[in-house]
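**Q** Following this line is work39.cif, made up of mmCIF, C-alpha atoms and all ligand atoms:
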```cif
data_input
loop_
_atom_site.label_atom_id
_atom_site.label_comp_id
_atom_site.auth_asym_id
_atom_site.auth_seq_id
_atom_site.Cartn_x
_atom_site.Cartn_y
_atom_site.Cartn_z
CA MET A 1 -25.23 -4.82 17.98
CA ALA A 2 -28.70 -5.70 16.74
CA ASP A 3 -29.03 -6.70 13.11
CA PHE A 4 -31.22 -3.77 12.12
CA GLU A 5 -28.55 -1.42 13.48
CA SER A 6 -25.80 -3.05 11.45
CA ASP A 7 -28.08 -2.95 8.37
CA ALA A 8 -28.47 0.79 8.92
CA LEU A 9 -24.72 1.27 9.37
CA GLU A 10 -24.01 -0.78 6.24
CA ARG A 11 -26.40 1.38 4.21
CA GLU A 12 -24.85 4.55 5.60
CA MET A 13 -21.33 3.34 4.88
CA THR A 14 -22.30 2.38 1.34
CA VAL A 15 -23.41 5.97 0.75
CA TRP A 16 -20.08 7.28 2.12
CA ARG A 17 -18.05 4.80 0.07
CA ARG A 18 -19.80 5.69 -3.17
CA ASP A 19 -19.45 9.39 -2.45
CA LEU A 20 -15.70 8.95 -1.95
CA HIS A 21 -15.53 6.77 -5.06
CA ALA A 22 -17.17 9.48 -7.17
CA HIS A 23 -14.61 12.07 -5.92
CA PRO A 24 -11.20 10.37 -6.12
CA GLU A 25 -8.10 12.44 -5.39
CA PHE A 26 -4.42 11.75 -6.12
CA GLY A 27 -1.82 11.45 -3.35
CA PHE A 28 -1.29 14.62 -1.26
CA GLU A 29 -4.27 16.19 -3.08
CA GLU A 30 -6.91 14.47 -0.89
CA LYS A 31 -8.43 17.77 0.29
CA ARG A 32 -12.08 16.90 -0.18
CA THR A 33 -11.56 13.37 1.15
CA ALA A 34 -9.73 14.65 4.25
CA ALA A 35 -12.46 17.25 4.89
CA PHE A 36 -15.09 14.51 4.52
CA VAL A 37 -13.23 12.30 7.01
CA ALA A 38 -12.65 15.09 9.54
CA ALA A 39 -16.30 16.21 9.39
CA LYS A 40 -17.51 12.66 10.06
CA LEU A 41 -15.09 12.14 12.95
CA ARG A 42 -16.27 15.40 14.56
CA GLU A 43 -19.90 14.38 14.03
CA PHE A 44 -19.17 11.08 15.84
CA GLY A 45 -17.88 13.06 18.85
CA LEU A 46 -14.22 12.05 18.91
CA ASP A 47 -12.06 13.68 21.59
CA ASP A 48 -9.73 15.23 19.03
CA VAL A 49 -9.62 15.54 15.24
CA THR A 50 -6.46 17.00 13.71
CA GLU A 51 -6.19 17.77 10.00
CA GLY A 52 -3.15 18.57 7.90
CA VAL A 53 -0.86 15.95 9.47
CA GLY A 54 1.82 15.24 6.84
CA GLY A 55 0.02 17.28 4.18
CA THR A 56 -3.53 15.99 3.85
CA GLY A 57 -3.46 13.34 6.62
CA VAL A 58 -6.11 13.25 9.37
CA VAL A 59 -5.76 11.82 12.90
CA GLY A 60 -8.77 11.20 15.14
CA THR A 61 -8.37 10.35 18.82
CA LEU A 62 -10.94 8.57 21.00
CA ARG A 63 -10.40 7.94 24.72
CA ARG A 64 -12.41 5.75 27.09
CA GLY A 65 -11.75 4.68 30.68
CA SER A 66 -8.43 5.20 32.42
CA GLY A 67 -6.16 2.84 30.50
CA ASN A 68 -2.88 4.31 29.34
CA ARG A 69 -2.36 2.07 26.32
CA ALA A 70 -3.01 3.35 22.80
CA ILE A 71 -3.71 1.46 19.60
CA ALA A 72 -3.70 2.91 16.08
CA LEU A 73 -5.91 1.86 13.17
CA ARG A 74 -4.82 3.08 9.76
CA ALA A 75 -6.61 3.64 6.45
CA ASP A 76 -5.33 5.16 3.19
CA MET A 77 -7.25 7.83 1.24
CA ASP A 78 -5.56 8.31 -2.16
CA ALA A 79 -6.62 7.27 -5.66
CA LEU A 80 -4.67 6.49 -8.85
CA ARG A 81 -4.09 8.18 -12.21
CA ILE A 82 -6.20 5.65 -14.13
CA THR A 83 -9.27 6.36 -16.26
CA GLU A 84 -12.19 4.39 -14.84
CA GLN A 85 -14.19 2.05 -17.10
CA SER A 86 -17.55 1.87 -15.35
CA ASP A 87 -21.26 2.42 -15.84
CA ALA A 88 -21.91 2.77 -12.11
CA PRO A 89 -23.82 5.92 -11.17
CA TYR A 90 -21.08 6.67 -8.62
CA ARG A 91 -18.18 6.31 -11.11
CA SER A 92 -15.31 8.78 -10.92
CA GLY A 93 -16.25 12.38 -11.61
CA ASN A 94 -12.56 13.40 -11.79
CA PRO A 95 -11.29 12.57 -15.29
CA GLY A 96 -8.16 10.38 -15.31
CA ILE A 97 -8.32 9.59 -11.59
CA MET A 98 -10.07 6.66 -9.96
CA HIS A 99 -10.19 4.61 -6.78
CA ALA A 100 -8.63 1.51 -8.36
CA CYS A 101 -7.12 0.15 -5.13
CA GLY A 102 -10.18 0.33 -2.85
CA HIS A 103 -8.84 3.06 -0.57
CA ASP A 104 -12.38 4.52 -0.69
CA GLY A 105 -13.50 1.29 1.00
CA HIS A 106 -10.63 1.32 3.53
CA THR A 107 -11.43 4.92 4.52
CA THR A 108 -15.13 4.09 4.85
CA MET A 109 -14.53 0.99 6.99
CA LEU A 110 -12.34 2.95 9.40
CA LEU A 111 -14.96 5.72 9.60
CA GLY A 112 -17.55 3.05 10.42
CA ALA A 113 -15.32 1.75 13.21
CA ALA A 114 -14.90 5.27 14.59
CA LYS A 115 -18.66 5.72 14.64
CA LEU A 116 -19.26 2.39 16.39
CA LEU A 117 -16.50 2.82 18.98
CA ALA A 118 -17.46 6.44 19.71
CA GLY A 119 -21.08 5.37 20.20
CA GLU A 120 -20.63 2.09 22.06
CA GLY A 121 -17.17 2.21 23.65
CA GLY A 122 -16.39 -1.22 25.03
CA PHE A 123 -12.66 -0.56 25.44
CA ASP A 124 -10.31 1.05 27.96
CA GLY A 125 -7.58 3.32 26.59
CA THR A 126 -6.89 5.42 23.50
CA VAL A 127 -7.64 4.72 19.85
CA ARG A 128 -5.89 6.71 17.11
CA PHE A 129 -7.68 6.70 13.75
CA ILE A 130 -5.01 7.44 11.15
CA PHE A 131 -6.11 8.44 7.65
CA GLN A 132 -2.95 8.68 5.59
CA PRO A 133 -2.40 10.42 2.26
CA ALA A 134 -0.35 9.22 -0.73
CA GLU A 135 -0.05 5.49 -0.03
CA GLU A 136 0.45 4.72 -3.72
CA TRP A 137 3.48 6.98 -3.89
CA GLY A 138 5.00 5.35 -0.81
CA ARG A 139 5.34 8.86 0.63
CA GLY A 140 2.28 9.53 2.82
CA ALA A 141 3.23 7.52 5.90
CA LEU A 142 6.70 9.13 6.00
CA ALA A 143 5.11 12.57 5.61
CA MET A 144 2.94 11.94 8.69
CA LEU A 145 5.88 10.50 10.66
CA ASP A 146 8.08 13.47 9.67
CA ASP A 147 5.27 15.76 10.87
CA GLY A 148 5.62 14.32 14.38
CA LEU A 149 2.91 11.65 14.28
CA MET A 150 4.54 9.49 16.99
CA GLN A 151 5.25 12.46 19.28
CA ARG A 152 1.93 14.26 18.83
CA PHE A 153 -0.32 11.17 18.73
CA PRO A 154 1.66 8.38 20.42
CA PHE A 155 0.50 4.76 20.17
CA ASP A 156 1.88 1.35 21.13
CA GLU A 157 0.84 -0.73 18.13
CA ILE A 158 -0.88 -0.38 14.77
CA PHE A 159 -3.26 -2.39 12.60
CA GLY A 160 -4.19 -1.95 8.95
CA LEU A 161 -6.03 -3.85 6.25
CA HIS A 162 -6.32 -4.14 2.48
CA ASN A 163 -9.04 -5.65 0.33
CA MET A 164 -7.99 -8.55 -1.87
CA PRO A 165 -9.59 -9.35 -5.24
CA GLY A 166 -10.01 -13.09 -5.82
CA LEU A 167 -10.58 -13.82 -2.14
CA PRO A 168 -14.33 -14.23 -1.44
CA VAL A 169 -16.11 -11.51 0.55
CA GLY A 170 -16.21 -12.41 4.23
CA HIS A 171 -12.83 -14.15 4.07
CA PHE A 172 -9.85 -13.09 6.16
CA GLU A 173 -6.12 -13.78 5.69
CA THR A 174 -2.83 -12.72 7.17
CA ARG A 175 0.49 -14.22 8.22
CA SER A 176 3.32 -13.74 10.66
CA GLY A 177 6.66 -12.31 9.49
CA PRO A 178 7.12 -11.07 5.90
CA VAL A 179 3.83 -10.05 4.29
CA MET A 180 4.67 -7.57 1.55
CA SER A 181 7.93 -6.69 -0.15
CA ALA A 182 10.23 -3.75 -0.44
CA GLU A 183 10.08 -1.91 -3.75
CA ASP A 184 13.23 -0.47 -5.30
CA ASN A 185 13.37 1.38 -8.62
CA PHE A 186 16.38 1.60 -10.91
CA GLU A 187 17.51 3.45 -14.02
CA ILE A 188 20.60 2.50 -16.02
CA VAL A 189 21.83 4.95 -18.67
CA LEU A 190 24.22 3.64 -21.33
CA LYS A 191 26.17 6.16 -23.36
CA GLY A 192 28.21 5.53 -26.50
CA LEU A 193 28.61 6.98 -29.95
CA GLY A 194 25.61 6.63 -32.24
CA GLY A 195 25.79 6.99 -35.97
CA HIS A 196 24.76 5.77 -39.39
CA ALA A 197 22.88 2.47 -39.35
CA ALA A 198 25.05 1.30 -42.25
CA ARG A 199 28.34 1.88 -40.37
CA PRO A 200 28.07 0.31 -36.88
CA HIS A 201 31.84 -0.31 -36.74
CA ALA A 202 32.47 3.44 -36.87
CA GLY A 203 30.92 4.09 -33.43
CA ASN A 204 29.74 2.26 -30.34
CA GLU A 205 25.98 2.21 -30.36
CA THR A 206 24.02 1.39 -27.22
CA LEU A 207 21.06 -0.76 -28.31
CA VAL A 208 22.87 -4.09 -28.61
CA ALA A 209 24.64 -3.35 -25.32
CA ALA A 210 21.28 -2.56 -23.70
CA CYS A 211 19.77 -5.82 -24.95
CA ALA A 212 22.74 -7.77 -23.53
CA LEU A 213 22.39 -5.89 -20.25
CA VAL A 214 18.67 -6.66 -19.99
CA THR A 215 19.50 -10.35 -20.45
CA ASN A 216 22.40 -10.25 -17.97
CA LEU A 217 20.21 -8.62 -15.32
CA GLN A 218 18.10 -11.80 -15.34
CA THR A 219 21.00 -13.59 -13.63
CA ILE A 220 20.75 -11.49 -10.45
CA VAL A 221 17.86 -13.48 -9.03
CA SER A 222 18.57 -16.77 -10.79
CA ARG A 223 22.33 -16.99 -10.20
CA ARG A 224 23.54 -14.43 -7.67
CA LEU A 225 20.99 -14.47 -4.82
CA SER A 226 20.11 -17.34 -2.51
CA PRO A 227 17.08 -19.34 -3.69
CA ALA A 228 15.85 -19.07 -0.10
CA ASP A 229 15.36 -15.32 -0.53
CA ILE A 230 12.28 -14.38 -2.53
CA SER A 231 13.06 -11.51 -4.89
CA VAL A 232 12.14 -10.10 -8.29
CA VAL A 233 14.10 -7.92 -10.72
CA SER A 234 11.95 -6.65 -13.60
CA VAL A 235 13.12 -4.47 -16.48
CA THR A 236 10.06 -2.50 -17.50
CA GLU A 237 11.32 0.04 -20.07
CA LEU A 238 14.05 0.28 -22.69
CA ILE A 239 14.28 3.64 -24.43
CA THR A 240 16.91 4.78 -26.97
CA ASP A 241 17.53 7.86 -29.07
CA GLY A 242 17.89 5.82 -32.26
CA THR A 243 15.69 6.25 -35.34
CA ARG A 244 15.00 4.18 -38.48
CA ASN A 245 18.43 4.60 -40.01
CA ALA A 246 20.47 5.93 -37.07
CA LEU A 247 22.04 3.88 -34.29
CA PRO A 248 21.43 5.20 -30.79
CA GLY A 249 24.17 6.73 -28.71
CA LEU A 250 22.01 6.63 -25.63
CA ALA A 251 19.89 3.91 -24.04
CA ARG A 252 17.89 4.03 -20.80
CA ILE A 253 16.82 0.89 -18.99
CA LEU A 254 14.27 1.30 -16.20
CA GLY A 255 12.86 -1.24 -13.83
CA ASP A 256 11.67 -2.37 -10.47
CA ALA A 257 13.05 -4.80 -7.85
CA ARG A 258 11.24 -6.50 -4.95
CA SER A 259 12.69 -8.18 -1.87
CA PHE A 260 11.84 -8.92 1.77
CA ARG A 261 15.06 -8.09 3.63
CA PRO A 262 17.24 -4.96 3.48
CA GLU A 263 20.33 -7.17 2.96
CA VAL A 264 18.78 -8.64 -0.18
CA SER A 265 17.86 -5.21 -1.53
CA ALA A 266 21.47 -4.08 -0.95
CA GLU A 267 22.81 -7.17 -2.74
CA ILE A 268 20.51 -6.62 -5.74
CA GLU A 269 21.90 -3.10 -6.09
CA ARG A 270 25.51 -4.29 -5.71
CA GLN A 271 25.11 -7.03 -8.33
CA MET A 272 23.30 -4.66 -10.69
CA ARG A 273 26.23 -2.24 -10.59
CA ILE A 274 28.75 -5.03 -11.27
CA ILE A 275 26.71 -6.35 -14.22
CA ALA A 276 26.01 -2.89 -15.69
CA GLU A 277 29.65 -1.84 -15.57
CA GLY A 278 30.92 -5.19 -16.88
CA THR A 279 28.44 -5.32 -19.74
CA ALA A 280 29.08 -1.68 -20.67
CA ALA A 281 32.83 -2.35 -20.75
CA ALA A 282 32.33 -5.36 -23.01
CA TYR A 283 30.44 -3.21 -25.51
CA ASN A 284 32.71 -0.18 -25.18
CA VAL A 285 30.00 2.11 -23.79
CA THR A 286 29.55 3.65 -20.33
CA ALA A 287 26.89 2.84 -17.73
CA GLU A 288 25.45 4.97 -14.95
CA VAL A 289 23.19 3.24 -12.39
CA LYS A 290 20.64 5.08 -10.25
CA TYR A 291 19.02 2.93 -7.57
CA SER A 292 16.31 4.16 -5.16
CA ARG A 293 14.30 2.55 -2.35
CA GLU A 294 10.59 3.43 -2.57
CA PHE A 295 8.90 1.05 -0.10
CA VAL A 296 10.36 -0.90 2.82
CA PRO A 297 9.33 -4.54 3.46
CA LEU A 298 6.25 -5.12 5.61
CA ARG A 299 6.73 -7.61 8.47
CA ASN A 300 3.91 -8.54 10.82
CA ASP A 301 4.52 -8.91 14.55
CA ALA A 302 3.82 -12.49 15.71
CA GLU A 303 1.92 -11.52 18.88
CA LEU A 304 -0.26 -9.03 17.03
CA VAL A 305 -0.98 -11.58 14.31
CA ASP A 306 -2.31 -13.89 17.04
CA ALA A 307 -4.42 -10.98 18.32
CA ALA A 308 -5.72 -10.27 14.82
CA PHE A 309 -6.74 -13.90 14.33
CA ALA A 310 -8.46 -13.88 17.74
CA ALA A 311 -10.37 -10.72 16.77
CA ALA A 312 -11.23 -12.21 13.37
CA ARG A 313 -12.85 -15.24 15.03
CA GLY A 314 -15.55 -12.93 16.38
CA VAL A 315 -16.26 -11.46 12.94
CA PHE A 316 -15.68 -14.08 10.23
CA GLU A 317 -16.96 -17.66 9.85
CA PRO A 318 -14.35 -20.10 11.19
CA GLY A 319 -13.84 -21.68 7.76
CA ASN A 320 -13.21 -18.25 6.20
CA ILE A 321 -10.16 -17.41 8.32
CA ALA A 322 -6.83 -18.56 6.89
CA VAL A 323 -3.10 -18.14 7.20
CA ALA A 324 -1.78 -16.58 3.97
CA HIS A 325 0.59 -19.13 2.42
CA GLU A 326 3.25 -16.86 1.07
CA PRO A 327 4.27 -13.22 1.22
CA MET A 328 3.19 -10.98 -1.66
CA THR A 329 5.70 -9.22 -3.90
CA ALA A 330 3.53 -6.10 -3.90
CA SER A 331 4.43 -3.26 -1.52
CA GLU A 332 2.59 -1.19 1.11
CA ASP A 333 3.35 2.15 2.72
CA PHE A 334 1.94 0.78 6.02
CA ALA A 335 5.40 -0.76 6.52
CA ARG A 336 6.83 2.67 7.43
CA PHE A 337 4.82 2.74 10.68
CA LEU A 338 6.41 -0.59 11.66
CA ASP A 339 9.79 1.12 11.97
CA HIS A 340 8.31 2.72 15.12
CA VAL A 341 5.85 0.24 16.67
CA PRO A 342 4.88 -3.40 16.11
CA GLY A 343 1.89 -3.91 13.88
CA CYS A 344 -0.22 -6.27 11.84
CA PHE A 345 -1.59 -5.92 8.31
CA VAL A 346 -4.45 -8.16 7.15
CA PHE A 347 -6.36 -8.93 3.96
CA LEU A 348 -10.13 -9.03 3.44
CA GLY A 349 -11.86 -10.61 0.46
CA ASN A 350 -13.16 -8.31 -2.28
CA GLY A 351 -14.88 -11.19 -4.11
CA GLU A 352 -13.87 -13.79 -6.66
CA ALA A 353 -15.37 -11.76 -9.53
CA SER A 354 -13.48 -8.58 -8.58
CA ALA A 355 -11.23 -7.01 -11.21
CA PRO A 356 -7.58 -6.84 -10.06
CA LEU A 357 -6.24 -3.91 -8.06
CA HIS A 358 -5.07 -0.99 -10.25
CA ASN A 359 -7.32 -2.23 -13.10
CA SER A 360 -9.58 0.34 -14.80
CA SER A 361 -12.65 -1.87 -14.11
CA TYR A 362 -11.87 -2.42 -10.42
CA ASP A 363 -14.46 -1.43 -7.79
CA PHE A 364 -14.46 -1.93 -4.03
CA ASN A 365 -17.14 -4.45 -3.01
CA ASP A 366 -19.58 -2.81 -0.59
CA ASP A 367 -20.64 -6.24 0.72
CA GLY A 368 -17.29 -6.30 2.54
CA LEU A 369 -17.72 -3.00 4.40
CA LEU A 370 -19.16 -4.35 7.66
CA PHE A 371 -16.51 -7.08 7.87
CA GLY A 372 -13.71 -4.52 7.84
CA THR A 373 -15.46 -2.22 10.31
CA ASN A 374 -16.27 -5.06 12.70
CA PHE A 375 -12.69 -6.34 12.47
CA HIS A 376 -11.32 -2.90 13.44
CA VAL A 377 -13.75 -2.74 16.37
CA ALA A 378 -12.94 -6.30 17.50
CA VAL A 379 -9.19 -5.58 17.42
CA VAL A 380 -9.63 -2.49 19.61
CA ARG A 381 -11.77 -4.36 22.14
CA GLN A 382 -9.30 -7.23 22.15
CA ARG A 383 -6.18 -5.09 22.62
CA LEU A 384 -7.72 -2.47 24.95
CA GLU A 385 -9.95 -4.84 26.87
CA ALA A 386 -12.24 -3.01 29.28
CA GLY A 387 -11.84 -4.07 32.91
CA ARG A 388 -8.45 -5.71 32.32
ZN ZN B 401 -2.64 0.37 -4.85
ZN ZN B 402 -3.93 -0.07 -1.95
#
```
Represent the structure of the file as structure tokens.
Ligand SMILES: [Zn+2]
Ligand SMILES: [Zn+2]

**A**
Amino acid sequence: MADFESDALEREMTVWRRDLHAHPEFGFEEKRTAAFVAAKLREFGLDDVTEGVGGTGVVGTLRRGSGNRAIALRADMDALRITEQSDAPYRSGNPGIMHACGHDGHTTMLLGAAKLLAGEGGFDGTVRFIFQPAEEWGRGALAMLDDGLMQRFPFDEIFGLHNMPGLPVGHFETRSGPVMSAEDNFEIVLKGLGGHAARPHAGNETLVAACALVTNLQTIVSRRLSPADISVVSVTELITDGTRNALPGLARILGDARSFRPEVSAEIERQMRIIAEGTAAAYNVTAEVKYSREFVPLRNDAELVDAAFAAARGVFEPGNIAVAHEPMTASEDFARFLDHVPGCFVFLGNGEASAPLHNSSYDFNDDGLLFGTNFHVAVVRQRLEAGR
């Protein structure tokens, strides 16, 4: 593609991205965003555009040649319940909601790829453009799968990307095997007998027990799991019904656990139940543990990682392509698709000066738009090579 054409596409995509940024929508409420996406895909002349897949999801299909292989490219559309701190003219117009994870950029880059591939082709087979809702909830991918995504829009493999603050724009990273963790949530409720602050011996209050339990939970990772397995157990909230001069009879401990293998997640839950019950018994209170699995671990397929690196070599400077050193203990709903087909998830730089993801000052860096679009296009041409 000639440079003036890519300049024009970059300008056009910047307009789309800022429009999406100004109109952020929370998970499963992405009505305007989905309508925007579907209208663009129809304008580009895709063979099929289906809305309402798994709630507000959109799937576009583009066919070229006679190849019977299909590849899926996925973007996420949802925003977060965070109040944006920004002076940008395109700042959020929806109070309390903002694109703090760059899904406006991901959606725009995939739209750019759809436009390029619909206009220029250069592949043989079927491309599915998947725009999923509710990534941040960890519910949108499952909603699309439960709505028959694999049966109605079958594909053999899937690729996705996420911007990464701190990594310079124009830089590319991924790795084989574990990339992002599972996320589990837990809630432990301790119940005892509260009472007068001056007479602790007359009841069995729950605050001291809760403090001991919070400390004992620290031994799950440090003493009960193999050091070879990366995992995190974080207590994030401790709430009681006590007041200034009354001891609590109830304490709630909430938190979050990360791991990379289902066996490790299961062991964290098992150890948590042992510790909660044992600690509660020692303090003469009762414990009830609720443990839920919100995100599954994301593992990249080795062959598709090789393909992604090969595609990246046509888009990024050689010195800007790197193997990510270690998996991240953040989680991604993309992992749900990998229960059905092999896939590869990659990271693109959002700039060293970028605010962190989920920060109220975060903004997607428009200088990275063409890199993401060209990577999507290169992957399609690599995996559905014309004349193969
Ligand atoms: Zn996010
Ligand atoms: Zn995100």

**Q** Check which residues fall inside 7 Å of ligand ZN 402 (chain B) when counting all atoms listed in the file, and print them as a tab-separated table (two decimals) with C-alpha atoms, keeping the file's coordinate frame.

**A**
```tsv
chain	number	residue	atom	x	y	z
A	101	CYS	CA	-7.12	0.15	-5.13
A	102	GLY	CA	-10.18	0.33	-2.85
A	103	HIS	CA	-8.84	3.06	-0.57
A	136	GLU	CA	0.45	4.72	-3.72
A	162	HIS	CA	-6.32	-4.14	2.48
```

**Q** Between A:Leu225, A:Leu250, A:Ile220, A:Val189, which has the minimum distance to Glu263 of chain A (counting all atoms listed in the file)?

**A**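 Using all atoms listed in the file, the shortest distance to Glu263 of chain A belongs to A:Leu225.
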
**Q** My list of candidates is A:Gly125, A:Pro227, A:Pro165, A:Gly93. Which is closest to ligand ZN 401 (chain B) when distances are computed with only C-alpha atoms and all ligand atoms?

**A** A:Pro165

**Q** Give me, as JSON lines, each residue of chain A that comes within 12 Å of ligand ZN 401 (chain B), together with its shortest interatomic pair and the distance in Å at one decimal, counting all atoms listed in the file, with rows ordered by chain and rising residue number.

**A**
```
{"residue": "A:Phe26", "atom": "CA", "partner": "B:ZN401", "partner_atom": "ZN", "distance": 11.6}
{"residue": "A:Gly27", "atom": "CA", "partner": "B:ZN401", "partner_atom": "ZN", "distance": 11.2}
{"residue": "A:Asp76", "atom": "CA", "partner": "B:ZN401", "partner_atom": "ZN", "distance": 9.7}
{"residue": "A:Met77", "atom": "CA", "partner": "B:ZN401", "partner_atom": "ZN", "distance": 10.7}
{"residue": "A:Asp78", "atom": "CA", "partner": "B:ZN401", "partner_atom": "ZN", "distance": 8.9}
{"residue": "A:Ala79", "atom": "CA", "partner": "B:ZN401", "partner_atom": "ZN", "distance": 8.0}
{"residue": "A:Leu80", "atom": "CA", "partner": "B:ZN401", "partner_atom": "ZN", "distance": 7.6}
{"residue": "A:Arg81", "atom": "CA", "partner": "B:ZN401", "partner_atom": "ZN", "distance": 10.8}
{"residue": "A:Ile82", "atom": "CA", "partner": "B:ZN401", "partner_atom": "ZN", "distance": 11.3}
{"residue": "A:Met98", "atom": "CA", "partner": "B:ZN401", "partner_atom": "ZN", "distance": 11.0}
{"residue": "A:His99", "atom": "CA", "partner": "B:ZN401", "partner_atom": "ZN", "distance": 8.9}
{"residue": "A:Ala100", "atom": "CA", "partner": "B:ZN401", "partner_atom": "ZN", "distance": 7.0}
{"residue": "A:Cys101", "atom": "CA", "partner": "B:ZN401", "partner_atom": "ZN", "distance": 4.5}
{"residue": "A:Gly102", "atom": "CA", "partner": "B:ZN401", "partner_atom": "ZN", "distance": 7.8}
{"residue": "A:His103", "atom": "CA", "partner": "B:ZN401", "partner_atom": "ZN", "distance": 8.0}
{"residue": "A:Asp104", "atom": "CA", "partner": "B:ZN401", "partner_atom": "ZN", "distance": 11.4}
{"residue": "A:His106", "atom": "CA", "partner": "B:ZN401", "partner_atom": "ZN", "distance": 11.6}
{"residue": "A:Ala134", "atom": "CA", "partner": "B:ZN401", "partner_atom": "ZN", "distance": 10.0}
{"residue": "A:Glu135", "atom": "CA", "partner": "B:ZN401", "partner_atom": "ZN", "distance": 7.5}
{"residue": "A:Glu136", "atom": "CA", "partner": "B:ZN401", "partner_atom": "ZN", "distance": 5.5}
{"residue": "A:Trp137", "atom": "CA", "partner": "B:ZN401", "partner_atom": "ZN", "distance": 9.1}
{"residue": "A:Gly138", "atom": "CA", "partner": "B:ZN401", "partner_atom": "ZN", "distance": 10.0}
{"residue": "A:His162", "atom": "CA", "partner": "B:ZN401", "partner_atom": "ZN", "distance": 9.4}
{"residue": "A:Asn163", "atom": "CA", "partner": "B:ZN401", "partner_atom": "ZN", "distance": 10.2}
{"residue": "A:Met164", "atom": "CA", "partner": "B:ZN401", "partner_atom": "ZN", "distance": 10.8}
{"residue": "A:Pro165", "atom": "CA", "partner": "B:ZN401", "partner_atom": "ZN", "distance": 12.0}
{"residue": "A:Ala330", "atom": "CA", "partner": "B:ZN401", "partner_atom": "ZN", "distance": 9.0}
{"residue": "A:Ser331", "atom": "CA", "partner": "B:ZN401", "partner_atom": "ZN", "distance": 8.6}
{"residue": "A:Glu332", "atom": "CA", "partner": "B:ZN401", "partner_atom": "ZN", "distance": 8.1}
{"residue": "A:Asp333", "atom": "CA", "partner": "B:ZN401", "partner_atom": "ZN", "distance": 9.8}
{"residue": "A:Phe334", "atom": "CA", "partner": "B:ZN401", "partner_atom": "ZN", "distance": 11.8}
{"residue": "A:Pro356", "atom": "CA", "partner": "B:ZN401", "partner_atom": "ZN", "distance": 10.2}
{"residue": "A:Leu357", "atom": "CA", "partner": "B:ZN401", "partner_atom": "ZN", "distance": 6.4}
{"residue": "A:His358", "atom": "CA", "partner": "B:ZN401", "partner_atom": "ZN", "distance": 6.1}
{"residue": "A:Asn359", "atom": "CA", "partner": "B:ZN401", "partner_atom": "ZN", "distance": 9.8}
{"residue": "A:Tyr362", "atom": "CA", "partner": "B:ZN401", "partner_atom": "ZN", "distance": 11.1}
```

**Q** Could you give me, as a count of residues only, the residues within 7 Å of Val305 of chain A, counting only C-alpha atoms and dropping anything in the same chain fewer than 4 positions from it?

**A** 6

**Q** Between A:Phe28, A:Trp16, A:Phe131, A:Phe172, single out the one closest to Asp366 of chain A, counting all atoms listed in the file.

**A** A:Trp16
